[in-house]
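Listing of entry.txt, compact mmCIF, C-alpha atoms
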```
# COMPACT_ATOMS: atom_id res chain seq x y z
CA MET A 244 0.00 0.00 0.00
CA ARG A 245 1.34 3.43 -0.91
CA SER A 246 2.00 6.01 1.76
CA PRO A 247 -0.78 8.53 2.50
CA ILE A 248 -0.40 11.78 0.58
CA ASN A 249 -2.83 13.96 2.54
CA VAL A 250 -4.46 14.24 5.95
CA ASP A 251 -7.71 12.63 4.82
CA GLU A 252 -5.87 9.47 3.74
CA PHE A 253 -4.21 9.31 7.17
CA ARG A 254 -7.71 9.57 8.67
CA THR A 255 -8.87 6.58 6.60
CA LEU A 256 -5.94 4.48 7.80
CA ALA A 257 -6.42 5.62 11.41
CA ARG A 258 -10.01 4.46 11.26
CA ARG A 259 -8.83 1.00 10.21
CA ARG A 260 -6.18 0.68 12.93
CA LEU A 261 -8.10 2.01 15.93
CA PRO A 262 -11.05 0.34 17.66
CA ARG A 263 -14.25 2.16 16.91
CA ARG A 264 -14.67 3.86 20.28
CA ILE A 265 -11.07 5.15 20.22
CA PHE A 266 -11.36 6.46 16.66
CA ASP A 267 -14.73 8.06 17.43
CA TYR A 268 -13.25 9.72 20.52
CA VAL A 269 -10.59 11.32 18.30
CA ASP A 270 -12.76 12.04 15.28
CA GLY A 271 -16.15 12.92 16.73
CA GLY A 272 -17.86 16.19 17.56
CA ALA A 273 -20.79 17.30 19.65
CA GLU A 274 -24.41 16.27 19.07
CA ASP A 275 -25.30 16.24 15.32
CA GLU A 276 -21.75 17.25 14.34
CA ARG A 277 -22.93 20.26 12.37
CA GLY A 278 -20.00 22.11 13.88
CA LEU A 279 -17.53 19.71 12.27
CA ARG A 280 -19.05 20.41 8.87
CA ARG A 281 -19.28 24.14 9.57
CA ASN A 282 -15.58 24.34 10.39
CA ARG A 283 -14.69 22.79 7.04
CA ALA A 284 -17.31 24.77 5.10
CA ALA A 285 -15.82 28.05 6.34
CA PHE A 286 -12.53 27.27 4.61
CA GLU A 287 -14.32 26.15 1.47
CA ARG A 288 -16.23 29.45 1.23
CA VAL A 289 -13.00 31.36 0.68
CA ALA A 290 -10.94 31.04 -2.50
CA PHE A 291 -7.62 32.55 -3.53
CA LEU A 292 -6.93 35.49 -5.80
CA PRO A 293 -3.31 34.92 -6.94
CA GLN A 294 -0.84 37.58 -7.99
CA ARG A 295 1.19 36.91 -11.13
CA LEU A 296 4.67 37.81 -12.37
CA VAL A 297 6.13 37.66 -8.87
CA ASP A 298 9.51 36.08 -8.13
CA VAL A 299 8.66 33.12 -5.92
CA SER A 300 11.79 31.08 -6.62
CA LYS A 301 12.61 31.29 -2.90
CA ARG A 302 9.84 31.03 -0.34
CA ASP A 303 9.76 31.53 3.42
CA MET A 304 7.08 30.22 5.78
CA SER A 305 8.94 30.95 9.02
CA THR A 306 6.83 32.81 11.54
CA HIS A 307 7.44 35.20 14.41
CA LEU A 308 5.32 34.21 17.39
CA LEU A 309 5.56 35.60 20.91
CA GLY A 310 9.08 36.88 20.37
CA GLN A 311 10.34 33.66 18.81
CA THR A 312 10.82 32.41 15.27
CA ILE A 313 9.28 29.05 14.41
CA ALA A 314 9.82 27.10 11.20
CA ALA A 315 6.18 27.27 10.10
CA PRO A 316 2.95 28.84 11.39
CA LEU A 317 1.98 25.57 13.06
CA LEU A 318 1.63 24.15 16.55
CA ILE A 319 0.42 20.76 17.72
CA ALA A 320 -2.74 21.38 19.71
CA PRO A 321 -3.38 20.00 23.21
CA THR A 322 -5.27 16.70 23.02
CA GLY A 323 -5.99 14.28 25.83
CA MET A 324 -5.56 10.52 26.23
CA ASN A 325 -3.04 10.31 23.37
CA SER A 326 -1.60 7.05 24.66
CA LEU A 327 -4.86 5.39 23.63
CA VAL A 328 -3.97 6.35 20.08
CA TRP A 329 -0.30 5.27 20.23
CA PRO A 330 1.93 4.20 23.15
CA ASN A 331 3.45 7.28 24.83
CA GLY A 332 1.58 9.36 22.29
CA ASP A 333 2.38 12.69 23.95
CA ILE A 334 6.12 12.07 23.68
CA ALA A 335 5.76 10.97 20.06
CA LEU A 336 3.84 14.14 19.16
CA ALA A 337 6.26 16.39 21.04
CA ARG A 338 9.24 14.84 19.29
CA ALA A 339 7.56 15.25 15.92
CA ALA A 340 6.99 18.92 16.76
CA ARG A 341 10.62 19.35 17.81
CA ARG A 342 11.81 17.81 14.53
CA ALA A 343 9.60 20.22 12.59
CA GLY A 344 10.72 23.26 14.59
CA ILE A 345 7.25 24.05 15.95
CA PRO A 346 5.75 24.11 19.48
CA PHE A 347 3.87 21.25 21.13
CA VAL A 348 1.07 22.05 23.58
CA MET A 349 0.63 19.43 26.31
CA SER A 350 -2.87 18.79 27.63
CA THR A 351 -3.89 18.60 31.28
CA ALA A 352 -5.40 15.23 30.30
CA ALA A 353 -2.06 13.88 29.05
CA ASN A 354 -0.99 10.34 29.88
CA ILE A 355 2.54 11.23 30.96
CA SER A 356 3.68 13.78 33.50
CA LEU A 357 4.66 17.23 32.36
CA GLU A 358 8.06 16.70 33.99
CA ARG A 359 8.68 13.52 32.02
CA LEU A 360 7.71 15.19 28.76
CA ALA A 361 10.11 18.04 29.41
CA GLY A 362 12.91 15.58 30.15
CA GLU A 363 12.36 13.16 27.27
CA ALA A 364 10.92 15.18 24.39
CA GLY A 365 12.61 18.56 24.39
CA GLY A 366 11.72 21.28 21.93
CA GLU A 367 9.37 24.20 22.48
CA LEU A 368 6.82 22.91 25.01
CA TRP A 369 3.67 24.73 26.09
CA TYR A 370 1.27 23.60 28.81
CA GLN A 371 -2.53 23.69 28.51
CA LEU A 372 -4.58 24.09 31.68
CA TYR A 373 -8.08 22.91 32.44
CA VAL A 374 -9.36 24.43 35.66
CA LEU A 375 -11.13 21.54 37.34
CA HIS A 376 -10.31 22.34 40.93
CA ARG A 377 -8.59 25.49 42.16
CA ASP A 378 -5.93 23.79 44.30
CA LEU A 379 -5.13 21.31 41.56
CA ALA A 380 -4.89 24.08 38.95
CA ASP A 381 -2.49 26.04 41.16
CA SER A 382 -0.35 22.94 41.61
CA LEU A 383 -0.20 22.24 37.87
CA VAL A 384 0.69 25.85 37.07
CA ASP A 385 3.53 25.81 39.60
CA ARG A 386 4.82 22.46 38.34
CA ALA A 387 4.80 23.66 34.74
CA ALA A 388 6.85 26.72 35.68
CA ARG A 389 9.38 24.61 37.59
CA ALA A 390 9.66 22.13 34.71
CA GLY A 391 10.65 24.87 32.27
CA TYR A 392 7.43 25.49 30.34
CA ARG A 393 7.32 29.12 29.25
CA THR A 394 3.84 29.37 27.72
CA LEU A 395 0.60 28.51 29.52
CA VAL A 396 -2.63 28.00 27.55
CA ALA A 397 -5.77 28.44 29.65
CA THR A 398 -8.72 26.66 28.02
CA VAL A 399 -11.97 28.42 28.93
CA ASP A 400 -14.62 26.80 26.71
CA VAL A 401 -15.21 23.63 28.75
CA THR A 402 -17.44 24.83 31.57
CA LEU A 403 -19.31 21.57 30.95
CA ASN A 404 -18.32 18.68 28.73
CA GLY A 405 -19.99 18.74 25.32
CA LYS A 406 -22.58 16.09 24.44
CA ARG A 407 -20.40 13.87 22.26
CA GLU A 408 -22.92 11.33 21.10
CA ARG A 409 -20.45 8.97 19.49
CA ASP A 410 -18.79 8.58 22.88
CA LEU A 411 -22.14 8.06 24.58
CA ARG A 412 -23.18 5.36 22.11
CA ASN A 413 -19.82 3.63 22.42
CA GLY A 414 -19.74 3.83 26.20
CA PHE A 415 -16.44 5.73 26.05
CA GLY A 416 -15.47 7.34 29.32
CA LEU A 417 -12.86 7.53 32.01
CA PRO A 418 -11.89 5.19 33.45
CA LEU A 419 -12.02 3.14 30.25
CA ARG A 420 -14.27 0.11 30.65
CA PHE A 421 -14.01 -3.05 28.58
CA THR A 422 -17.52 -4.30 27.92
CA PRO A 423 -18.06 -7.45 25.84
CA ASP A 424 -18.58 -5.34 22.70
CA ALA A 425 -15.46 -3.33 23.44
CA CYS A 426 -13.43 -6.50 23.95
CA LEU A 427 -14.62 -7.89 20.62
CA ASP A 428 -13.70 -4.62 18.92
CA ALA A 429 -10.25 -4.74 20.53
CA LEU A 430 -9.73 -8.30 19.29
CA ALA A 431 -10.65 -7.12 15.79
CA HIS A 432 -7.77 -4.61 16.01
CA PRO A 433 -4.90 -6.81 17.21
CA ARG A 434 -2.07 -4.37 16.46
CA TRP A 435 -3.66 -1.69 18.61
CA THR A 436 -4.50 -4.16 21.37
CA TYR A 437 -1.02 -5.68 21.42
CA ALA A 438 0.59 -2.23 21.61
CA LEU A 439 -1.72 -1.20 24.47
CA LEU A 440 -1.05 -4.35 26.52
CA ARG A 441 2.69 -4.31 25.79
CA ASN A 442 2.94 -0.76 27.14
CA GLY A 443 1.17 -1.21 30.44
CA GLY A 444 -2.49 -1.41 29.51
CA VAL A 445 -5.00 1.41 29.85
CA PRO A 446 -3.09 4.68 30.40
CA THR A 447 -3.65 6.92 33.40
CA LEU A 448 -3.98 10.68 33.78
CA ALA A 449 -0.39 11.08 34.85
CA ASN A 450 -0.45 14.72 35.89
CA ILE A 451 -3.30 14.04 38.29
CA GLU A 452 -1.94 10.78 39.66
CA SER A 453 1.45 12.33 40.37
CA SER A 454 0.15 15.54 41.93
CA SER A 455 0.59 15.49 45.70
CA SER A 456 -2.08 18.16 46.15
CA ALA A 457 -4.70 16.51 43.97
CA SER A 458 -7.68 15.63 46.11
CA ILE A 459 -10.10 12.80 45.47
CA GLU A 460 -12.58 15.46 44.41
CA ALA A 461 -10.19 16.87 41.79
CA ARG A 462 -9.38 13.46 40.33
CA ALA A 463 -13.05 12.60 40.09
CA ALA A 464 -13.74 15.91 38.33
CA LEU A 465 -11.22 15.19 35.59
CA LEU A 466 -12.45 11.62 35.19
CA ARG A 467 -15.96 13.03 34.66
CA ARG A 468 -14.65 15.91 32.52
CA GLN A 469 -16.35 18.22 35.00
CA MET A 470 -14.62 21.59 34.92
CA ASP A 471 -14.93 24.47 37.36
CA ALA A 472 -17.90 26.30 35.83
CA SER A 473 -17.37 29.25 38.19
CA PHE A 474 -14.05 30.24 36.57
CA ALA A 475 -14.55 33.86 35.46
CA TRP A 476 -12.67 37.09 34.71
CA ASP A 477 -11.41 37.63 38.25
CA ASP A 478 -10.00 34.11 38.18
CA LEU A 479 -8.20 34.84 34.92
CA ILE A 480 -6.58 37.85 36.60
CA ARG A 481 -5.51 35.61 39.46
CA LEU A 482 -4.05 33.10 36.99
CA ARG A 483 -2.22 35.92 35.20
CA ASP A 484 -0.71 37.01 38.51
CA ARG A 485 0.36 33.48 39.42
CA TRP A 486 1.92 32.50 36.07
CA PRO A 487 5.25 34.31 35.48
CA HIS A 488 5.58 33.72 31.73
CA ARG A 489 3.51 33.96 28.53
CA LEU A 490 -0.23 33.33 28.92
CA LEU A 491 -2.72 32.58 26.13
CA VAL A 492 -6.47 32.08 26.49
CA LYS A 493 -7.99 29.33 24.33
CA GLY A 494 -11.63 28.95 23.37
CA ILE A 495 -12.37 32.54 22.34
CA LEU A 496 -14.93 33.27 19.59
CA ARG A 497 -16.08 36.80 20.44
CA ALA A 498 -14.13 39.95 19.65
CA ASP A 499 -15.06 41.60 22.95
CA ASP A 500 -13.89 38.56 24.94
CA ALA A 501 -10.59 38.57 23.05
CA LEU A 502 -10.01 42.24 23.72
CA ARG A 503 -10.75 41.85 27.42
CA CYS A 504 -8.30 38.95 27.70
CA LEU A 505 -5.56 41.17 26.31
CA GLU A 506 -6.55 44.07 28.52
CA LEU A 507 -6.25 41.80 31.56
CA GLY A 508 -2.70 40.84 30.65
CA ALA A 509 -2.96 37.80 28.39
CA ASP A 510 -0.25 37.66 25.73
CA GLY A 511 -2.66 36.36 23.12
CA VAL A 512 -5.79 34.36 22.41
CA ILE A 513 -6.59 31.20 20.50
CA VAL A 514 -9.74 31.46 18.41
CA SER A 515 -11.23 28.01 18.92
CA ASN A 516 -14.53 26.15 19.12
CA HIS A 517 -12.71 23.13 20.58
CA GLY A 518 -12.79 21.33 17.26
CA ALA A 519 -16.62 21.40 17.37
CA ARG A 520 -16.52 19.05 20.38
CA GLN A 521 -18.33 21.37 22.79
CA LEU A 522 -21.19 23.52 21.47
CA ASP A 523 -22.38 21.99 18.20
CA ASP A 524 -23.74 25.25 16.78
CA ALA A 525 -20.84 27.46 17.78
CA ALA A 526 -19.53 29.67 14.98
CA ALA A 527 -16.71 28.40 12.79
CA THR A 528 -13.40 29.89 13.85
CA LEU A 529 -12.45 31.19 10.40
CA ASP A 530 -15.78 33.03 10.18
CA VAL A 531 -15.13 35.05 13.35
CA LEU A 532 -11.40 35.54 12.87
CA PRO A 533 -11.58 38.89 11.01
CA ALA A 534 -13.68 40.48 13.75
CA VAL A 535 -11.39 39.17 16.49
CA LYS A 536 -8.37 40.44 14.55
CA ALA A 537 -9.91 43.91 14.27
CA ALA A 538 -10.61 44.02 17.99
CA CYS A 539 -7.05 42.94 18.84
CA ALA A 540 -5.30 45.17 16.32
CA ALA A 541 -3.29 46.86 19.05
CA GLY A 542 -1.30 43.72 19.82
CA GLY A 543 -1.25 40.23 21.23
CA ALA A 544 -0.73 36.91 19.50
CA LEU A 545 -3.72 35.59 17.58
CA LEU A 546 -3.91 31.85 16.89
CA LEU A 547 -6.65 29.65 15.44
CA ASP A 548 -7.65 26.00 15.51
CA SER A 549 -10.56 23.77 14.47
CA GLY A 550 -10.93 22.30 11.00
CA ILE A 551 -7.40 22.61 9.61
CA ARG A 552 -6.80 19.81 7.09
CA ARG A 553 -4.70 21.42 4.34
CA GLY A 554 -1.80 23.78 4.00
CA SER A 555 -4.12 26.03 2.00
CA ASP A 556 -6.35 26.24 5.11
CA VAL A 557 -3.36 27.53 7.04
CA VAL A 558 -2.66 30.21 4.43
CA LYS A 559 -6.30 31.34 4.49
CA ALA A 560 -6.18 31.69 8.26
CA ILE A 561 -2.97 33.70 8.07
CA ALA A 562 -4.48 35.93 5.37
CA LEU A 563 -7.44 36.70 7.64
CA GLY A 564 -5.25 37.68 10.58
CA ALA A 565 -3.98 34.60 12.45
CA ASP A 566 -0.33 34.45 13.43
CA ALA A 567 -0.35 30.64 13.46
CA VAL A 568 -2.72 27.66 13.67
CA LEU A 569 -2.91 24.54 15.80
CA LEU A 570 -3.23 21.04 14.36
CA GLY A 571 -5.35 18.69 16.46
CA ARG A 572 -7.02 15.77 14.72
CA ALA A 573 -4.67 16.01 11.72
CA THR A 574 -1.58 14.98 13.68
CA LEU A 575 -3.58 12.47 15.74
CA TYR A 576 -4.49 10.65 12.53
CA GLY A 577 -0.80 10.43 11.70
CA LEU A 578 0.00 9.31 15.24
CA ALA A 579 -2.60 6.55 15.01
CA VAL A 580 -1.11 5.19 11.80
CA ALA A 581 2.63 5.28 12.53
CA GLY A 582 3.38 6.99 15.83
CA GLU A 583 5.99 9.73 15.79
CA ALA A 584 6.82 9.03 12.13
CA GLY A 585 3.17 9.36 11.16
CA ALA A 586 2.74 12.65 13.01
CA SER A 587 5.94 13.95 11.42
CA ARG A 588 4.69 12.96 8.00
CA VAL A 589 1.43 14.86 8.51
CA ILE A 590 3.37 17.97 9.49
CA GLU A 591 5.58 17.57 6.41
CA ILE A 592 2.53 17.26 4.17
CA VAL A 593 0.93 20.39 5.61
CA LYS A 594 4.20 22.34 5.32
CA ASP A 595 4.62 21.23 1.71
CA GLU A 596 1.07 22.35 0.94
CA ILE A 597 1.74 25.74 2.55
CA ASP A 598 4.84 26.13 0.39
CA ARG A 599 3.00 25.15 -2.80
CA THR A 600 0.15 27.51 -1.96
CA LEU A 601 2.57 30.39 -1.46
CA ALA A 602 4.26 29.72 -4.80
CA LEU A 603 0.99 29.45 -6.71
CA LEU A 604 -0.44 32.47 -4.89
CA GLY A 605 2.48 34.66 -5.91
CA CYS A 606 3.82 35.24 -2.39
CA ALA A 607 7.47 34.66 -1.61
CA SER A 608 6.87 35.02 2.12
CA LEU A 609 4.02 34.06 4.40
CA ALA A 610 4.43 37.49 6.00
CA ASN A 611 3.15 39.07 2.78
CA VAL A 612 -0.14 37.14 2.69
CA ASP A 613 -3.25 39.12 3.58
CA ALA A 614 -6.94 39.42 2.75
CA ARG A 615 -6.15 40.87 -0.68
CA HIS A 616 -5.16 37.35 -1.73
CA LEU A 617 -8.62 35.96 -0.89
CA TYR A 618 -11.83 35.87 -2.88
CA PRO A 619 -15.17 35.13 -1.18
CA ILE A 620 -17.24 32.41 -2.80
CA GLU A 621 -20.96 33.12 -2.65
CA PRO A 622 -22.74 30.34 -0.76
CA ILE A 623 -25.38 28.24 -2.51
CA PRO A 624 -28.89 29.78 -2.02
CA LEU A 625 -30.94 28.16 0.70
CA ARG A 626 -33.47 25.87 -0.95
CA GLY A 627 -36.85 27.51 -1.41
CA SER A 628 -35.90 30.73 0.39
CA GLY A 629 -34.40 32.79 -2.38
CA GLN A 630 -31.93 34.08 0.23
CA ARG A 631 -28.21 33.68 0.59
CA ALA A 632 -26.42 33.11 3.84
CA SER A 633 -23.96 35.81 4.83
CA ASN A 634 -20.26 35.08 4.46
CA ALA A 635 -18.63 36.24 7.68
CA ALA A 636 -15.24 34.96 6.55
CA ALA A 637 -15.14 37.13 3.44
CA PRO A 638 -12.60 39.96 3.60
CA SER A 639 -13.96 43.47 3.38
CA ALA A 640 -13.54 45.32 0.11
```

Could you express the structure from this file as structure tokens?
Amino acid sequence: MRSPINVDEFRTLARRRLPRRIFDYVDGGAEDERGLRRNRAAFERVAFLPQRLVDVSKRDMSTHLLGQTIAAPLLIAPTGMNSLVWPNGDIALARAARRAGIPFVMSTAANISLERLAGEAGGELWYQLYVLHRDLADSLVDRAARAGYRTLVATVDVTLNGKRERDLRNGFGLPLRFTPDACLDALAHPRWTYALLRNGGVPTLANIESSSSASIEARAALLRRQMDASFAWDDLIRLRDRWPHRLLVKGILRADDALRCLELGADGVIVSNHGARQLDDAAATLDVLPAVKAACAAGGALLLDSGIRRGSDVVKAIALGADAVLLGRATLYGLAVAGEAGASRVIEIVKDEIDRTLALLGCASLANVDARHLYPIEPIPLRGSGQRASNAAAPSA
């Protein structure tokens, strides 16, 4: 079988290798999964308007982000339970990021400790924080600072876990239970099952298990994906005061929320609908990006995730104001197929597609891409209404 040549082909192979409930955990969205389709449709509603007779014999996709230069406008997004996808999945993803010269963002729900990742993976490591319990959050923040992490990502869009119906149908939850159906599915995927058993069985939530201050209440909250729904603006200020380095807020879709984050001392925001895994009918991130960019014009890093599958998607996001994007499912598909090598290959494919897009767009540098290189595609009229939906992602004239 030939090697996959795009992210979608990696997804097909990942679906074959993983048991259904593991693949659905990675791949699924909330409720009817309209949000998944909306995220993709937003990119499809925007086309390119190339410039011609431009010297593009040498192209540069390096990116300045938070005072650093990274090889491409990419990060690997924080995702939980990665060792269910591949043994020591967090380390594999972090090493793939290091090889590519891009940051890796470790999730609170990782299966290895943040100290172990820092010691074994190297590279530019960020830490993502879920606030489940105040004492536990404080402990994780302090540990991340001691371990050498210099960027903290506070995720604020999980006040309650989204209704992920694939997971509910499959009985997926923490701790992972092996029902008769699940055991049969595992036996039908012997490579995955052998790798899981050979590497210690069902992985644990290492940062909770190893935290001396984690109470029984805090552990139970993470197992139930029950976040602290009272976390509000005053708590963000407190987190800003406690964390001594760069702070980003993830899960922002409104321009006014983004501006307030920056005013309260955040170094940037991540425009995200959590990969359509939380609120099914939340706006697509690309659609709201121009408004958030306008509100944050005075400064602060602006990143985007949710729905990225092609290098051309990355270029569109940059053209509409993002400084960089985060890859979530895309690199997980690669991880599921071939571990670190698979994740690295996905990153290489996306980088190659960015480079090709730049050349064909007539831009020698990613820094020169802006909304002038985009052309809004009019949506198909709604059947029977005679009306057209508005295109929030279209650049202004």

Write out as a count of residues only each polymer residue whose atoms come within 12 Å of A:Glu363, counting all atoms listed in the file; drop sequence neighbours fewer than 5 positions from it.
-> 14

Between atom CA of A:Leu261 and atom CA of A:Arg434 lies a distance of 8.8 Å

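With distances taken over all atoms listed in the file, A:Met470 is the one residue among A:Leu439, A:Met470, A:Ala361, A:Asp428 lying closest to A:His376.
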
Could you build a table of the residues in stretch 268-349 of chain A lying no more than 6 Å from stretch 567-584 of chain A, giving for each the nearest pair of atoms and their separation in Å rounded to one decimal place, using all atoms listed in the file, ordered by chain and ascending residue number, as a Markdown table?
```
| residue | atom | partner | partner_atom | distance |
| --- | --- | --- | --- | --- |
| A:Pro316 | CA | A:Ala567 | CA | 4.3 |
| A:Leu317 | CA | A:Val568 | CA | 5.2 |
| A:Leu318 | CA | A:Leu569 | CA | 4.6 |
| A:Ile319 | CA | A:Leu570 | CA | 5.0 |
| A:Ala320 | CA | A:Gly571 | CA | 5.0 |
| A:Val328 | CA | A:Ala579 | CA | 5.3 |
| A:Trp329 | CA | A:Ala579 | CA | 5.8 |
| A:Ala335 | CA | A:Glu583 | CA | 4.5 |
| A:Leu336 | CA | A:Glu583 | CA | 6.0 |
| A:Ala339 | CA | A:Glu583 | CA | 5.7 |
```

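Residue nearest A:Ser555, chosen from A:Leu522, A:Ile592, A:Ala586, A:Val297 and counting all atoms listed in the file: A:Ile592.
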
Mind checking which residues fall within 12 Å of A:Ala431, counting all atoms listed in the file, ignoring those fewer than 5 positions away in the same chain, and posting them as a PyMOL selection string?
-> chain A and resi 259-263+424-426+436-437

Contacts of A:Ala538 within 12 Å, all atoms listed in the file, excl. fewer than 6 positions in-chain, as a list of chain:residue names | A:Leu496, A:Arg497, A:Ala498, A:Asp499, A:Asp500, A:Ala501, A:Leu502, A:Arg503, A:Cys504, A:Leu505, A:Glu506, A:Val512, A:Val531, A:Leu532, A:Leu545, A:Gly564

What are the nearest atom pairs, with distances in Å to one decimal, for all residues of stretch 316-362 of chain A that come at most 10 Å from stretch 266-283 of chain A, using only C-alpha atoms, set out by chain and rising residue number as CSV?
```
residue,atom,partner,partner_atom,distance
A:Thr322,CA,A:Val269,CA,8.9
A:Gly323,CA,A:Val269,CA,9.3
A:Met324,CA,A:Val269,CA,9.4
A:Asn325,CA,A:Val269,CA,9.2
A:Leu327,CA,A:Phe266,CA,9.6
A:Val328,CA,A:Phe266,CA,8.1
```

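Shortest separation to A:Lys493 among A:His517, A:Arg615, A:Arg342, A:Arg552 occurs at residue A:His517, atoms counted being only C-alpha atoms.
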